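Chemist: Supplied in structure tokens, the structure appears directly below.
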Amino acid sequence: MDSLDIEIILKTYNTIPKNDIIRICSLYLSTKTLKPGSVFGQFNNVENSIIFDDIEKILISDSNIETEINLSKLHINWYVYTLDRNGPQNDNCEDESGEEINLSTQWILPCFDISNLWETLIYDTSIKEDLLKYASTMMEFASRGVDSNIIACNKVILLHGPPGTGKTSLCKALAHKLSIKTQKQYKKAILMEINSHSLFSKWFSESGKLVTKMFTKIKEIIEDPNILVCLLIDEIESLAHARDQCMSGNEPSDSLRVVNAVLTQIDQIKRYSNVLILTTSNMTGAIDIAFVDRADIKQYLGLPSANAIFHIYRSCIEELIKTGIIQAKSETYHYQNLKNVTSSIDEFEMTKHLVDISQISVGLSGRALRKIPFLAHALFLNGNSVNLHQFFDAMRKAVQHELQQKSHFNKN
Ligand SMILES: Nc1ncnc2c1ncn2[C@@H]1O[C@H](COP(=O)(O)OP(=O)(O)O)[C@@H](O)[C@H]1O
Ligand SMILES: [Mg+2]
């Protein structure tokens, strides 16, 4: 039997038994048309309003099931949780001169800040789902005590690729999802982002001490086996690159000691079953082999294809329609619609327009794409009321503008 994950996000902590919540949601969903990735929220005029007052959203996971979902034919994994809304906490310490240094930033998971990142990241293949399966399997092997000398698994994931392709976001989103999937094993989950730059700011003096200080604090947390800790080391080449430079004799040997200390510390903490280490890099060529070797999973994230771009743009357009910036009906057009022209002429025209814009946008990163609608509005539209057609024209100009800017940049 195939299985499907459904998440129920509660508004606040409450005492309603989870089984009751699941029962009500299950009844509610049985009246709906469900597709992978469907989201339900803002429940009004529903029976059982007491419970629906307490539910913020119901998320159906993106699954491999292509067609409409029939709940009765699937095994459902229900996840009921509340989002942490306290925001990030900085772990600071003072250096000798009394200056504050931010060693790391922490979020309690699952948290509001990261809650919809996963859904906003769009890739052509099942990269996200595969990474989640890797991460879940790593945590399961570790918690069951599988010997990593027999079955190699360091619990280190490296995402690499050009800037703006969603590496940092995906690490955070992965930690968020993992905290939800492992809620039965762990009472609490934390995402901890190490600020590698801060370790180097005190290059010449006490950087070694800073590394030790930071990892001592991390270890204090992971000593508690009920806490899942996802450690994020972003742009890891900044560490590894430094080591390369030290080797060639340009830098003081203190820096070499720092990098080596970080590597040793990583090796020590990855032995704990409740830790997952997530790393990113923009320049794989620059990463020290010692880091690359430690990663079990090395996943490349590239620039989006026209198909992925189309979906990214579509989500932007939906948002602008929802917020009233574009005056239009929300249409669900699909890239594939062009192949089987069953939709109305108007809808077909609109889809074709967006497909064209997506095709000329190939070469832009996910980050650049998500700025296009903003640029379009800021630079190429005037007047308050904009229809879809006008907006698409403006987007086309914005893409051309962006590509031109990019080419100037490359020339320099
Ligand atoms: N594949 C993608 N799909 C949708 N949005 C993306 C994608 N890649 C990047 N983005 C957008 O760009 C933003 C910045 O991405 P980020 O994670 O900082 O990239 P990186 O770490 O690779 O430089 C993300 O928050 C997201 O809005
Ligand atoms: Mg990044």
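Residue numbering restarts at 1 in every chain; chains get A, B, ... in the order shown in the structure tokens, and ligands count up from 1 in that same order.
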Leaving out region 291-301 of chain A and any residue of its chain fewer than 6 positions from it, which residues lie within 9 Å of it when counting only C-alpha atoms, given as a short mmCIF file (atom, residue, chain, number, x, y, z; two decimals) with N, CA and C atoms, in the first residue's frame?

Modeler:
data_model
loop_
_atom_site.label_atom_id
_atom_site.label_comp_id
_atom_site.auth_asym_id
_atom_site.auth_seq_id
_atom_site.Cartn_x
_atom_site.Cartn_y
_atom_site.Cartn_z
N TYR A 123 12.24 22.26 -7.99
CA TYR A 123 13.31 21.63 -8.78
C TYR A 123 12.69 20.70 -9.81
N ILE A 127 14.65 16.01 -6.14
CA ILE A 127 15.78 16.28 -5.24
C ILE A 127 15.33 16.43 -3.79
N LEU A 131 16.36 13.94 -0.78
CA LEU A 131 17.17 14.40 0.35
C LEU A 131 16.49 14.09 1.68
N TYR A 134 17.03 10.49 2.36
CA TYR A 134 18.41 10.26 2.84
C TYR A 134 18.51 10.64 4.31
N ALA A 152 28.70 2.65 5.88
CA ALA A 152 29.26 4.01 5.96
C ALA A 152 28.16 5.05 5.99
N CYS A 153 28.15 5.82 7.02
CA CYS A 153 27.19 6.92 7.11
C CYS A 153 27.66 7.93 8.15
N ASN A 154 28.07 9.10 7.66
CA ASN A 154 28.59 10.12 8.57
C ASN A 154 27.55 11.15 8.99
N LYS A 155 26.38 11.08 8.36
CA LYS A 155 25.32 12.07 8.61
C LYS A 155 25.77 13.48 8.23
N VAL A 156 26.47 13.55 7.09
CA VAL A 156 26.88 14.86 6.56
C VAL A 156 26.33 14.98 5.14
N ILE A 157 25.60 16.06 4.88
CA ILE A 157 25.06 16.31 3.54
C ILE A 157 25.68 17.59 2.99
N LEU A 158 26.12 17.54 1.74
CA LEU A 158 26.69 18.74 1.11
C LEU A 158 25.85 19.11 -0.11
N LEU A 159 25.32 20.33 -0.11
CA LEU A 159 24.62 20.83 -1.29
C LEU A 159 25.54 21.82 -1.99
N HIS A 160 25.78 21.62 -3.27
CA HIS A 160 26.68 22.53 -3.96
C HIS A 160 26.09 22.96 -5.30
N GLY A 161 26.62 24.07 -5.82
CA GLY A 161 26.11 24.61 -7.08
C GLY A 161 26.23 26.12 -7.09
N PRO A 162 25.79 26.77 -8.18
CA PRO A 162 25.94 28.21 -8.30
C PRO A 162 25.15 28.98 -7.22
N THR A 165 20.73 29.20 -5.93
CA THR A 165 19.98 28.04 -6.39
C THR A 165 19.23 27.34 -5.25
N GLY A 166 19.21 27.98 -4.10
CA GLY A 166 18.39 27.47 -3.00
C GLY A 166 19.11 26.53 -2.04
N LYS A 167 20.43 26.57 -2.04
CA LYS A 167 21.16 25.63 -1.18
C LYS A 167 20.91 25.90 0.31
N ILE A 236 30.76 26.43 3.14
CA ILE A 236 31.83 25.74 3.86
C ILE A 236 33.19 25.99 3.22
N GLU A 237 33.19 26.43 1.95
CA GLU A 237 34.48 26.68 1.32
C GLU A 237 35.25 27.80 2.04
N ALA A 240 37.26 25.78 4.24
CA ALA A 240 38.16 24.89 3.53
C ALA A 240 39.18 25.66 2.71
N LEU A 263 37.28 20.73 11.85
CA LEU A 263 37.15 19.39 11.25
C LEU A 263 37.10 18.31 12.33
N ASP A 267 33.99 15.79 13.34
CA ASP A 267 34.14 14.34 13.43
C ASP A 267 33.65 13.81 14.77
N ILE A 277 24.48 16.94 10.00
CA ILE A 277 25.28 18.10 9.59
C ILE A 277 24.98 18.46 8.14
N THR A 279 25.70 21.06 4.99
CA THR A 279 26.69 22.04 4.54
C THR A 279 26.36 22.49 3.12
N THR A 284 32.59 24.25 -5.58
CA THR A 284 33.03 22.91 -5.21
C THR A 284 34.53 22.76 -5.44
#

Chemist: Go through region 281-312 of chain A and collect every residue that DSSP, computed from the backbone, puts in helix (DSSP H, G or I); the answer should be as a list in words.

Modeler: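 Listing helix (DSSP H, G or I) positions across region 281-312 of chain A yields Thr284, Gly285, Ala286, Ile289, Ala290, Phe291, Val292, Asp293, Arg294, Ala306, Asn307, Ala308, Ile309, Phe310, His311 and Ile312 of chain A.
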
Chemist: For ligand 1, collect every residue having any atom at a distance of at most 10 Å from a ligand atom (counting only C-alpha atoms and all ligand atoms); output as a ChimeraX atom specification.

Modeler: /A:114,117-124,159-173,234-235,280-282,301-305,308-309,311-313,315-316,364-371

Chemist: Could you jot down the CA of Val386 (chain A) to CA of Ile372 (chain A) separation for me, Å, one decimal place?

Modeler: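 Separation between CA of Val386 (chain A) and CA of Ile372 (chain A): 15.9 Å.
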
Chemist: Using only C-alpha atoms, determine which residues lie at most 8 Å from Glu56 (chain A), disregarding the query and same-chain residues fewer than 3 positions distant; provide the list as an MDAnalysis selection string.

Modeler: chainID A and resid 8:11 41:42 52:53

Chemist: Mind checking which residues fall within 10 Å of Phe380 (chain A), counting only C-alpha atoms, ignoring those fewer than 4 positions away in the same chain, and posting them as an NGL selection string?

Modeler: :A and (374-376 or 390-391 or 393-398)

Chemist: Tell me which of A:Ile325, A:Ile233, A:Ile289, A:Ala175 sits closest to ligand 2, counting only C-alpha atoms and all ligand atoms.

Modeler: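 The answer is A:Ile233, which sits nearest to ligand 2.
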
Chemist: Return the single residue from A:Val80, A:Ile69, A:Val362, A:Ala135 that is closest to Asp20 (chain A), with distances computed using only C-alpha atoms.

Modeler: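 Closest residue, counting only C-alpha atoms: A:Val80.
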
Chemist: Once DSSP has gone over the backbone, tell me which residues of region 60-273 of chain A are in strand (DSSP E or B), as number ranges by chain.

Modeler: A: 60, 75-82, 84, 89-94, 100-109, 111, 156-160, 188-194, 227-233

Chemist: Applying 12 Å and only C-alpha atoms, which residues near Leu388 (chain A) remain after dropping the ones on its own chain fewer than 2 positions away? List them as an MDAnalysis selection string.

Modeler: chainID A and resid 314 317:318 320:321 324:331 346:347 349:351 353:354 373 377 381 385:386 390:395

Chemist: Given the choices A:Val399, A:Leu232, A:Ala261, A:Val211, which gets closest to ligand 2 if the distance is worked out from only C-alpha atoms and all ligand atoms?

Modeler: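 Distance minimum relative to ligand 2 lands on A:Leu232.
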
Chemist: Find, counting only C-alpha atoms and all ligand atoms, the residue in A:Val229, A:Thr323, A:Glu193, A:Ser361 that gets nearest to ligand 2.

Modeler: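 Between A:Val229, A:Thr323, A:Glu193, A:Ser361, the residue approaching ligand 2 most closely is A:Glu193.
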
Chemist: When you draw a straight line from CA of Ile108 (chain A) to CA of Asp147 (chain A), how long is it in Å?

Modeler: 29.3 Å
